[in-house]
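Undergrad: Quick one, my_file.cif (mmCIF, C-alpha atoms and all ligand atoms):
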data_run
#
loop_
_atom_site.label_atom_id
_atom_site.label_comp_id
_atom_site.auth_asym_id
_atom_site.auth_seq_id
_atom_site.Cartn_x
_atom_site.Cartn_y
_atom_site.Cartn_z
CA MET A 30 21.93 -2.08 0.23
CA PHE A 31 21.86 1.69 0.75
CA ARG A 32 20.90 4.11 -2.02
CA VAL A 33 21.05 7.90 -1.62
CA THR A 34 18.08 9.55 -3.35
CA GLY A 35 18.52 13.19 -2.38
CA GLU A 36 20.91 15.57 -0.65
CA CYS A 37 20.61 18.99 0.95
CA GLY A 38 23.95 20.14 2.31
CA ALA A 39 25.31 17.19 4.32
CA ALA A 40 21.78 15.87 4.99
CA ARG A 41 20.82 12.86 2.86
CA ALA A 42 17.57 11.10 1.97
CA ALA A 43 18.14 7.46 1.12
CA VAL A 44 16.68 3.95 1.14
CA LEU A 45 18.11 1.15 3.27
CA SER A 46 17.02 -2.17 1.75
CA THR A 47 16.79 -5.60 3.35
CA SER A 48 15.17 -8.91 2.49
CA ARG A 49 12.24 -7.83 4.75
CA GLY A 50 11.61 -4.55 2.92
CA SER A 51 13.02 -1.06 2.66
CA LEU A 52 13.50 1.72 5.18
CA PRO A 53 13.45 5.27 3.86
CA THR A 54 16.03 7.35 5.75
CA PRO A 55 16.50 9.51 7.76
CA CYS A 56 14.35 7.37 10.02
CA MET A 57 13.76 6.34 13.61
CA LEU A 58 14.04 2.68 14.58
CA LEU A 59 11.67 1.42 17.27
CA THR A 60 13.79 0.38 20.23
CA ALA A 61 12.89 -3.06 21.57
CA ARG A 62 14.15 -3.61 25.11
CA SER A 63 14.50 -7.33 25.80
CA GLY A 64 12.28 -7.73 22.74
CA ASP A 65 9.54 -5.46 24.11
CA LEU A 66 8.44 -2.48 21.99
CA HIS A 67 7.12 -0.54 24.99
CA SER A 68 4.20 -3.00 25.10
CA LEU A 69 3.22 -2.40 21.46
CA THR A 70 1.93 -5.71 20.15
CA PRO A 71 3.15 -7.11 16.81
CA ASP A 72 -0.45 -6.56 15.62
CA ALA A 73 -0.23 -2.84 16.45
CA VAL A 74 3.17 -2.60 14.77
CA GLY A 75 1.79 -4.38 11.71
CA ARG A 76 -0.94 -1.74 11.37
CA MET A 77 1.54 1.10 11.09
CA ALA A 78 1.67 2.86 7.72
CA HIS A 79 5.05 1.34 6.88
CA PRO A 80 6.65 -1.66 8.63
CA PRO A 81 9.13 0.09 10.92
CA GLY A 82 12.73 -0.79 11.55
CA VAL A 83 13.47 -2.23 14.98
CA MET A 84 16.65 -1.83 17.04
CA MET A 85 17.63 -4.42 19.64
CA ASP A 86 20.53 -4.76 22.05
CA PRO A 87 22.13 -8.21 21.61
CA MET A 88 23.14 -8.09 25.30
CA ASP A 89 19.43 -8.60 26.12
CA PHE A 90 19.71 -12.09 24.66
CA LEU A 91 22.89 -13.34 26.29
CA ASP A 92 20.83 -15.21 28.89
CA GLN A 93 17.10 -15.20 28.09
CA PRO A 94 16.42 -16.71 25.66
CA LYS A 95 19.87 -18.25 25.45
CA PRO A 96 21.62 -18.14 22.06
CA GLU A 97 21.66 -21.96 21.98
CA GLY A 98 17.86 -22.07 22.19
CA LEU A 99 17.40 -19.39 19.55
CA LEU A 100 19.90 -21.14 17.28
CA GLU A 101 17.93 -24.37 17.59
CA TYR A 102 14.71 -22.43 16.81
CA ASN A 103 16.57 -21.24 13.71
CA LYS A 104 14.05 -18.59 12.58
CA GLY A 105 15.74 -15.64 14.25
CA ILE A 106 14.66 -13.21 16.93
CA GLY A 107 12.34 -11.30 14.55
CA THR A 108 10.07 -14.29 13.96
CA PHE A 109 10.37 -15.32 17.65
CA LEU A 110 8.96 -11.90 18.63
CA GLY A 111 6.32 -11.73 15.87
CA LEU A 112 8.25 -8.96 14.10
CA GLN A 113 9.19 -10.98 11.03
CA ASN A 114 8.19 -8.15 8.66
CA CYS A 115 10.41 -5.55 10.34
CA CYS A 116 14.00 -4.73 9.42
CA LEU A 117 16.09 -5.63 12.50
CA ILE A 118 19.28 -3.83 13.48
CA ALA A 119 21.26 -5.10 16.49
CA ILE A 120 23.32 -2.50 18.33
CA PRO A 121 25.10 -3.19 21.64
CA ARG A 122 23.60 -0.30 23.57
CA ASP A 123 20.29 0.41 25.31
CA PRO A 124 19.44 4.08 24.59
CA VAL A 125 16.96 4.20 27.47
CA ALA A 126 19.20 2.92 30.27
CA TYR A 127 22.77 3.71 29.36
CA ALA A 128 25.12 2.39 32.04
CA TYR A 129 27.40 5.15 33.27
CA GLY A 130 30.57 4.49 35.22
CA THR A 131 31.28 1.09 33.75
CA LYS A 132 34.66 -0.62 33.90
CA PRO A 133 37.08 -0.33 31.00
CA ASN A 134 37.24 -3.04 28.37
CA THR A 135 40.11 -5.49 28.33
CA LYS A 136 41.97 -6.49 25.19
CA ASN A 137 39.62 -9.44 24.67
CA SER A 138 36.32 -8.46 26.26
CA VAL A 139 33.84 -5.65 26.82
CA TYR A 140 32.22 -4.79 30.16
CA VAL A 141 28.42 -4.67 29.81
CA MET A 142 25.38 -4.44 32.05
CA THR A 143 22.68 -7.03 31.43
CA HIS A 144 19.44 -7.73 33.32
CA ASN A 145 21.35 -10.49 35.10
CA GLY A 146 24.10 -8.12 36.24
CA ALA A 147 27.44 -6.84 34.97
CA ARG A 148 29.72 -9.14 33.00
CA MET A 149 32.56 -9.23 30.50
CA VAL A 150 31.57 -10.29 26.98
CA THR A 151 34.02 -11.59 24.39
CA PRO A 152 33.65 -11.19 20.61
CA GLU A 153 32.97 -14.94 20.44
CA GLN A 154 30.06 -14.74 22.89
CA TYR A 155 28.70 -11.67 21.11
CA THR A 156 28.89 -13.33 17.69
CA ASN A 157 27.09 -16.40 19.09
CA VAL A 158 24.15 -14.14 19.98
CA ILE A 159 24.17 -12.41 16.59
CA GLN A 160 24.28 -15.75 14.81
CA ALA A 161 21.20 -16.85 16.76
CA MET A 162 19.31 -13.53 16.38
CA LYS A 163 19.73 -13.30 12.59
CA PRO A 164 19.28 -9.50 12.32
CA ASP A 165 19.49 -7.69 9.00
CA TYR A 166 22.31 -5.44 10.21
CA TYR A 167 24.39 -5.37 13.36
CA SER A 168 27.28 -3.45 14.82
CA SER A 169 30.39 -5.18 16.07
CA LEU A 170 31.35 -4.69 19.70
CA PRO A 171 33.03 -1.30 20.18
CA ASP A 172 36.58 -0.90 21.40
CA GLU A 173 37.47 1.44 24.22
CA SER A 174 37.14 5.10 23.23
CA ARG A 175 40.66 6.11 24.28
CA ILE A 176 43.21 3.38 24.69
CA THR A 177 46.78 2.41 23.97
CA PRO A 178 47.76 1.40 20.41
CA GLU A 179 48.18 -2.19 21.58
CA TYR A 180 44.42 -2.42 22.14
CA TRP A 181 43.45 -0.36 19.12
CA HIS A 182 40.50 -1.95 17.29
CA HIS A 183 41.42 -5.36 18.64
CA ILE A 184 37.85 -6.28 19.61
CA SER A 185 36.07 -4.89 16.55
CA LEU A 186 38.62 -6.55 14.27
CA ARG A 187 38.03 -9.87 16.04
CA CYS A 188 34.27 -9.41 15.48
CA ILE A 189 34.84 -8.78 11.77
CA SER A 190 37.01 -11.87 11.56
CA LEU A 191 34.34 -14.00 13.26
CA HIS A 192 31.67 -12.55 10.96
CA LYS A 193 33.62 -13.79 7.93
CA ASP A 194 34.68 -17.14 9.40
CA ARG A 195 31.11 -18.08 10.29
CA GLY A 196 29.66 -16.80 7.02
CA LEU A 197 26.98 -14.68 8.70
CA GLU A 198 24.37 -13.49 6.20
CA CYS A 199 23.55 -10.26 8.05
CA SER A 200 25.44 -7.08 7.22
CA LEU A 201 28.00 -5.61 9.59
CA PHE A 202 28.39 -2.01 10.78
CA ALA A 203 31.73 -0.80 12.12
CA PRO A 204 31.60 1.13 15.41
CA ILE A 205 33.10 4.63 15.44
CA THR A 206 34.38 5.38 18.93
CA GLY A 207 36.45 8.19 20.42
CA GLY A 208 34.22 9.59 23.17
CA MET A 209 34.81 13.29 23.81
CA TYR A 210 38.00 13.40 21.75
CA ARG A 211 37.76 14.71 18.21
CA ASP A 212 41.16 13.33 17.21
CA GLN A 213 40.18 9.87 18.46
CA ARG A 214 36.87 9.97 16.59
CA SER A 215 38.70 10.96 13.39
CA ARG A 216 41.21 8.19 13.91
CA SER A 217 38.50 5.63 14.60
CA ALA A 218 36.63 6.65 11.43
CA MET A 219 39.76 6.47 9.29
CA GLU A 220 40.52 2.98 10.61
CA SER A 221 36.92 1.79 10.17
CA ILE A 222 36.65 2.77 6.51
CA LYS A 223 39.48 0.30 5.75
CA ARG A 224 37.20 -2.58 6.77
CA ASP A 225 34.77 -4.44 4.54
CA VAL A 226 31.58 -3.25 6.29
CA ALA A 227 28.08 -2.19 5.18
CA GLY A 228 27.82 0.93 7.36
CA PHE A 229 28.90 2.72 10.51
CA SER A 230 27.55 3.02 14.04
CA LEU A 231 28.49 6.25 15.83
CA CYS A 232 29.02 5.19 19.46
CA GLY A 233 28.94 7.02 22.76
CA PHE A 234 26.76 10.03 21.97
CA ALA A 235 24.46 11.56 24.62
CA THR A 236 26.73 10.23 27.36
CA GLY A 237 28.15 13.47 28.71
CA GLU A 238 28.96 15.80 25.82
CA THR A 239 27.01 19.06 25.62
CA PRO A 240 24.75 19.84 22.65
CA GLU A 241 27.27 22.55 21.71
CA GLU A 242 30.16 20.05 21.61
CA ARG A 243 28.25 17.45 19.61
CA PRO A 244 28.36 18.87 16.04
CA ALA A 245 32.17 19.03 16.05
CA LEU A 246 32.40 15.48 17.43
CA LEU A 247 30.03 14.22 14.74
CA GLU A 248 31.87 16.12 12.04
CA SER A 249 35.27 14.75 13.10
CA ALA A 250 34.01 11.24 12.26
CA LEU A 251 31.52 11.87 9.45
CA GLN A 252 33.97 13.83 7.29
CA HIS A 253 35.91 10.58 6.69
CA LEU A 254 33.01 8.22 5.98
CA PRO A 255 32.08 7.21 2.41
CA PRO A 256 28.73 8.73 1.33
CA GLU A 257 27.42 5.47 -0.11
CA LYS A 258 27.18 3.75 3.29
CA PRO A 259 24.61 4.40 6.09
CA ARG A 260 25.48 6.05 9.42
CA LEU A 261 23.55 5.21 12.59
CA ALA A 262 23.71 7.06 15.92
CA VAL A 263 22.22 5.93 19.25
CA GLY A 264 21.12 8.45 21.88
CA LEU A 265 20.25 11.36 19.58
CA GLY A 266 16.48 10.93 19.40
CA SER A 267 15.00 14.27 20.53
CA PRO A 268 13.73 16.53 17.72
CA ASP A 269 16.56 19.04 18.34
CA ASP A 270 19.20 16.29 18.33
CA VAL A 271 17.74 14.65 15.23
CA LEU A 272 17.78 17.87 13.21
CA GLU A 273 21.39 18.63 14.19
CA ALA A 274 22.54 15.08 13.43
CA VAL A 275 20.68 14.87 10.10
CA ASP A 276 22.28 18.19 9.19
CA SER A 277 25.66 16.53 9.83
CA GLY A 278 24.82 13.47 7.70
CA VAL A 279 23.42 10.87 10.15
CA ASP A 280 20.76 8.57 8.66
CA VAL A 281 19.33 6.27 11.33
CA PHE A 282 18.19 7.00 14.92
CA ASP A 283 16.71 5.13 17.90
CA SER A 284 13.46 5.76 19.78
CA GLY A 285 14.90 6.16 23.30
CA PHE A 286 13.53 9.72 23.48
CA VAL A 287 10.03 8.50 22.56
CA HIS A 288 10.22 5.82 25.28
CA GLU A 289 11.04 8.44 27.89
CA VAL A 290 8.31 10.85 26.76
CA SER A 291 5.67 8.09 26.74
CA ALA A 292 6.75 6.79 30.16
CA GLY A 293 6.45 10.32 31.54
CA GLY A 294 2.81 10.60 30.43
CA TYR A 295 3.43 13.11 27.63
CA ALA A 296 1.93 13.36 24.15
CA LEU A 297 4.27 14.92 21.57
CA SER A 298 2.62 17.94 19.97
CA PHE A 299 5.42 19.97 18.35
CA ALA A 300 5.04 21.38 14.85
CA HIS A 301 6.60 18.56 12.87
CA CYS A 302 6.64 19.98 9.35
CA LEU A 303 7.12 23.28 7.53
CA GLN A 304 3.38 23.78 7.05
CA SER A 305 2.41 22.92 10.61
CA ASP A 306 1.64 25.76 12.97
CA ALA A 307 0.94 24.02 16.28
CA LYS A 308 -0.29 26.38 18.96
CA ILE A 309 0.78 25.95 22.58
CA ASP A 310 -2.10 25.80 25.03
CA PRO A 311 -0.49 26.85 28.33
CA ASP A 312 -3.58 25.76 30.26
CA SER A 313 -3.16 22.11 29.21
CA GLY A 314 0.21 21.36 30.80
CA ALA A 315 1.91 21.85 27.42
CA ASP A 316 5.21 23.27 26.27
CA ASP A 317 6.41 23.70 22.69
CA LEU A 318 7.26 19.96 22.36
CA LYS A 319 4.62 18.04 24.27
CA ILE A 320 1.44 17.96 26.37
CA ASN A 321 1.55 16.68 29.93
CA MET A 322 -1.39 14.29 30.12
CA TRP A 323 -1.10 14.15 33.92
CA ALA A 324 -2.32 17.77 34.12
CA GLN A 325 -5.61 18.11 36.01
CA GLU A 326 -7.07 20.25 33.20
CA HIS A 327 -7.54 17.22 30.94
CA ARG A 328 -11.21 16.49 31.62
CA ASP A 329 -12.60 17.06 28.11
CA GLN A 330 -13.36 14.88 25.11
CA ARG A 331 -10.81 16.40 22.73
CA PRO A 332 -8.20 13.95 21.35
CA PRO A 333 -4.75 14.19 22.97
CA VAL A 334 -3.48 16.09 19.90
CA GLU A 335 -6.15 17.64 17.70
CA GLY A 336 -5.85 16.79 14.01
CA CYS A 337 -3.66 13.72 14.66
CA SER A 338 -4.63 10.60 12.70
CA CYS A 339 -3.06 7.99 15.01
CA TYR A 340 -5.08 5.20 16.64
CA CYS A 341 -4.89 6.85 20.07
CA CYS A 342 -6.11 10.28 18.93
CA LYS A 343 -8.80 8.89 16.62
CA ASN A 344 -10.33 6.70 19.33
CA HIS A 345 -9.63 8.23 22.73
CA SER A 346 -9.98 11.50 24.60
CA ARG A 347 -7.67 13.53 26.80
CA ALA A 348 -9.97 12.78 29.73
CA TYR A 349 -9.61 9.01 29.14
CA ILE A 350 -5.78 9.11 28.86
CA HIS A 351 -5.64 11.31 31.98
CA HIS A 352 -7.88 8.84 33.83
CA LEU A 353 -5.70 5.88 32.78
CA LEU A 354 -2.63 7.69 34.12
CA GLN A 355 -4.35 8.53 37.41
CA VAL A 356 -5.23 4.89 38.05
CA HIS A 357 -1.75 3.71 36.91
CA GLU A 358 -3.17 1.65 34.06
CA MET A 359 -0.39 0.60 31.65
CA LEU A 360 -2.73 1.19 28.70
CA ALA A 361 -2.03 4.92 29.14
CA GLU A 362 1.63 4.46 28.22
CA ILE A 363 0.78 2.10 25.37
CA LEU A 364 -1.68 4.56 23.81
CA LEU A 365 0.68 7.50 24.34
CA HIS A 366 3.51 5.50 22.80
CA MET A 367 1.35 4.77 19.74
CA HIS A 368 0.73 8.49 19.37
CA ASN A 369 4.35 9.50 20.00
CA VAL A 370 5.74 6.98 17.50
CA HIS A 371 3.21 8.24 14.94
CA HIS A 372 4.14 11.88 15.64
CA MET A 373 7.87 11.22 15.29
CA GLY A 374 7.15 9.21 12.12
CA GLN A 375 5.49 12.28 10.62
CA PHE A 376 8.48 14.39 11.71
CA PHE A 377 10.85 12.05 9.84
CA ASP A 378 8.49 12.08 6.81
CA ALA A 379 8.83 15.88 6.80
CA ILE A 380 12.61 15.68 7.14
CA ARG A 381 12.91 13.33 4.16
CA SER A 382 10.57 15.45 2.03
CA SER A 383 12.44 18.63 2.91
CA ILE A 384 15.75 17.07 1.87
CA GLN A 385 14.28 15.90 -1.45
CA GLU A 386 12.87 19.40 -2.05
CA GLY A 387 16.05 21.21 -0.99
CA LYS A 388 14.25 22.78 1.99
CA PHE A 389 15.87 21.00 4.94
CA ALA A 390 17.61 24.19 6.11
CA ASP A 391 14.20 25.94 6.14
CA LEU A 392 12.67 23.15 8.23
CA LYS A 393 15.56 23.23 10.71
CA SER A 394 15.61 27.00 11.07
CA LYS A 395 11.81 27.21 11.46
CA PHE A 396 11.93 24.54 14.17
CA SER A 397 14.78 26.34 15.97
CA GLU A 398 12.97 29.66 15.75
CA ARG A 399 9.82 28.16 17.30
CA ARG A 400 11.96 26.71 20.11
CA ARG A 401 13.62 30.08 20.74
CA GLN A 402 10.27 31.85 20.82
CA ALA A 403 8.81 29.30 23.23
CA MET A 404 11.80 29.55 25.58
CA ALA A 405 11.66 33.36 25.49
CA CYS A 406 7.94 33.12 26.28
CA ASP A 407 8.68 30.76 29.22
CA ARG A 408 11.28 33.19 30.62
CA GLY A 409 8.76 36.01 30.28
CA ASN A 410 6.24 34.05 32.33
CA VAL A 411 8.64 33.40 35.23
ZN ZN B 1 -2.12 10.97 17.89
#
Starting from the coordinates I provided, produce the structure as structure tokens.
Ligand SMILES: [Zn+2]
TA:
Amino acid sequence: MFRVTGECGAARAAVLSTSRGSLPTPCMLLTARSGDLHSLTPDAVGRMAHPPGVMMDPMDFLDQPKPEGLLEYNKGIGTFLGLQNCCLIAIPRDPVAYAYGTKPNTKNSVYVMTHNGARMVTPEQYTNVIQAMKPDYYSSLPDESRITPEYWHHISLRCISLHKDRGLECSLFAPITGGMYRDQRSRSAMESIKRDVAGFSLCGFATGETPEERPALLESALQHLPPEKPRLAVGLGSPDDVLEAVDSGVDVFDSGFVHEVSAGGYALSFAHCLQSDAKIDPDSGADDLKINMWAQEHRDQRPPVEGCSCYCCKNHSRAYIHHLLQVHEMLAEILLHMHNVHHMGQFFDAIRSSIQEGKFADLKSKFSERRRQAMACDRGNV
């Protein structure tokens, strides 16, 4: 169930409810790759302020564990992974390692990359995995973004048919495709709203379009979608992308950006709310978004981000994180990921509050102004 609780322009604050709890939106789902939350343990996830939502790619479970084994287990992938208290959303895309240059779909199958290599996947195989995973929500396989009318929505319609025939209890999202073509995205949205689905998954973003092209592509689809159903987009996880997409009416995001930042040895430090006035310390390997913990200057006992209440910042110093990175200890990434997830969580808290208070435009413009000032400062230092 999805209930809108506040609006500010096209931006919406809402609650997405499942049997495992509720997700306030706009929100970021933690991306689990092959079931791994960037080495965050279920215990660490359980200690977060609110049980987060988790996004998984069903293609990760085509082979290991096999759907037959999971089906026999019968408790679903959430319980299998110790994430039984988290809302699970299955989306057929990995936001961290998107496969470029793939083959086109056929009328009856989709070309995907898995950890066992490339393969064609049919709606039947895909639905077998979903049936075994038992997520709360999932998206059907997407059709090709630009294709002849003969192939139009053939695969997603087959997925919807299988969903009904098998009586799946999870809720289904319809994929909105269309790639770089506004007319195709409009057409895909208009077709999708005819289906009996719980929400919509906006496919193919951050795969080649420029940030300037993106708002029009989003708008071409979102203008047709009913306001009472949630919209999810994969690939738009940076703070700039999130603000633009929320402003267009997107509700749910992935954590691919946070994965990349953590893997790079960065601690997010941007001003995440209207009241925040984060200062950039140019001597600490920082820019206006993040601090580079690899920088040699980090030899002091300050927390990675001063004033942060996350486990990493409350218990560890910059010098310690820097040391862990230098000796290639995986704990560095784990601790940085805990901080970065916490920081983005506070950013989404601020977004939701600003929508409820009618101040989302202020938050977005203040963030953009800080970014402009920082970039102008960088150019001045060249
Ligand atoms: Zn922190």
Undergrad: May I ask which of the residues A:Ala161, A:Ala315, A:Ala324, A:Leu392 is the closest one to Lys95 of chain A, counting only C-alpha atoms?
TA: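 So, comparing all the options, the nearest one is A:Ala161.
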Undergrad: Leaving out segment 43-59 of chain A and any residue of its chain fewer than 2 positions from it, which residues lie within 8 Å of it when counting all atoms listed in the file, given as a PyMOL selection string?
TA: chain A and resi 30-35+41+61+66+81-84+113-116+165+259+266+275+279-284+373-374+377+380-381
Undergrad: Within 6 Å of ligand ZN 1 (chain B) (counting all atoms listed in the file), which residues show up? I'd like them as JSON, numbers by chain.
TA: {"A": [334, 337, 338, 339, 341, 342, 368]}
Undergrad: Hey, can you spit out that residue selection with C-alpha atoms as a PDB file, in the coordinates of the input?
TA:
ATOM      1  CA  VAL A 334      -3.480  16.090  19.900  1.00  0.00           C
ATOM      2  CA  CYS A 337      -3.660  13.720  14.660  1.00  0.00           C
ATOM      3  CA  SER A 338      -4.630  10.600  12.700  1.00  0.00           C
ATOM      4  CA  CYS A 339      -3.060   7.990  15.010  1.00  0.00           C
ATOM      5  CA  CYS A 341      -4.890   6.850  20.070  1.00  0.00           C
ATOM      6  CA  CYS A 342      -6.110  10.280  18.930  1.00  0.00           C
ATOM      7  CA  HIS A 368       0.730   8.490  19.370  1.00  0.00           C
TER       8      HIS A 368
END
Undergrad: What is the atom CA of Arg243 of chain A to atom CA of Ala274 of chain A distance in Å?
TA: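 Answer for the atom CA of Arg243 of chain A to atom CA of Ala274 of chain A separation: 8.7 Å.
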Undergrad: Place a sphere of radius 12 Å on (32.3, 15.1, 13.8) in the file coordinates and name every protein, DNA or RNA residue with an atom inside or on its surface, counting all atoms listed in the file; give the answer as a PyMOL selection string.
TA: chain A and resi 39+205-218+231-232+234+241-254+262+273-274+276-279
Undergrad: Here is a test: counting all atoms listed in the file, which residue of A:Glu198, A:Glu335, A:Glu257, A:Asp123 is nearest to Gly233 of chain A?
TA: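 Smallest separation from Gly233 of chain A among the options: A:Asp123.
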Undergrad: Calculated over all atoms listed in the file, which of the candidates A:Lys136, A:Gly387, A:Tyr166, A:Met149 has the smallest distance to Leu186 of chain A?
TA: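 For Leu186 of chain A, the nearest of the given residues is A:Lys136.
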Undergrad: Which is closest to Asp316 of chain A among A:Ile159, A:Ile363, A:Leu303, A:Met404, if we use all atoms listed in the file?
TA: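 That would be A:Met404, the residue with the smallest distance to Asp316 of chain A.
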Undergrad: What does the distance between atom CA of Val158 of chain A and atom CA of Leu91 of chain A come to in Å, to one decimal place?
TA: 6.5 Å
Undergrad: For Ala379 of chain A, which residue out of A:Arg122, A:His301, A:Arg400, A:Lys163 is the nearest one, using all atoms listed in the file?
TA: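 Among the listed residues, A:His301 lies closest to Ala379 of chain A.
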Undergrad: Expressed in Å to a single decimal, how great is the separation between atom CA of Asp172 of chain A and atom CA of Ile184 of chain A?
TA: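 Between these atoms lies a distance of 5.8 Å.
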Undergrad: Residues within 7 Å of segment 346-362 of chain A, please, as a list in words. Count only C-alpha atoms; anything in the same chain fewer than 2 positions from it doesn't count.
TA: Ser291, Ala292, Gly294, Met322, Trp323, His327, Arg328, Asp329, Gln330, Arg331, Pro332, Pro333, Cys342, Leu364, Leu365 and His366 of chain A
Undergrad: For Leu112 of chain A, list every protein, DNA or RNA residue within 9 Å, evaluated using only C-alpha atoms, and leave out those in the same chain fewer than 5 positions away; present the list as a PyMOL selection string.
TA: chain A and resi 71+74-75+83+106-107+117
Undergrad: Taking all atoms listed in the file into account, name the residue in A:Ile222, A:Leu69, A:Val141, A:Ile189 that is nearest to Arg260 of chain A.
TA: A:Ile222
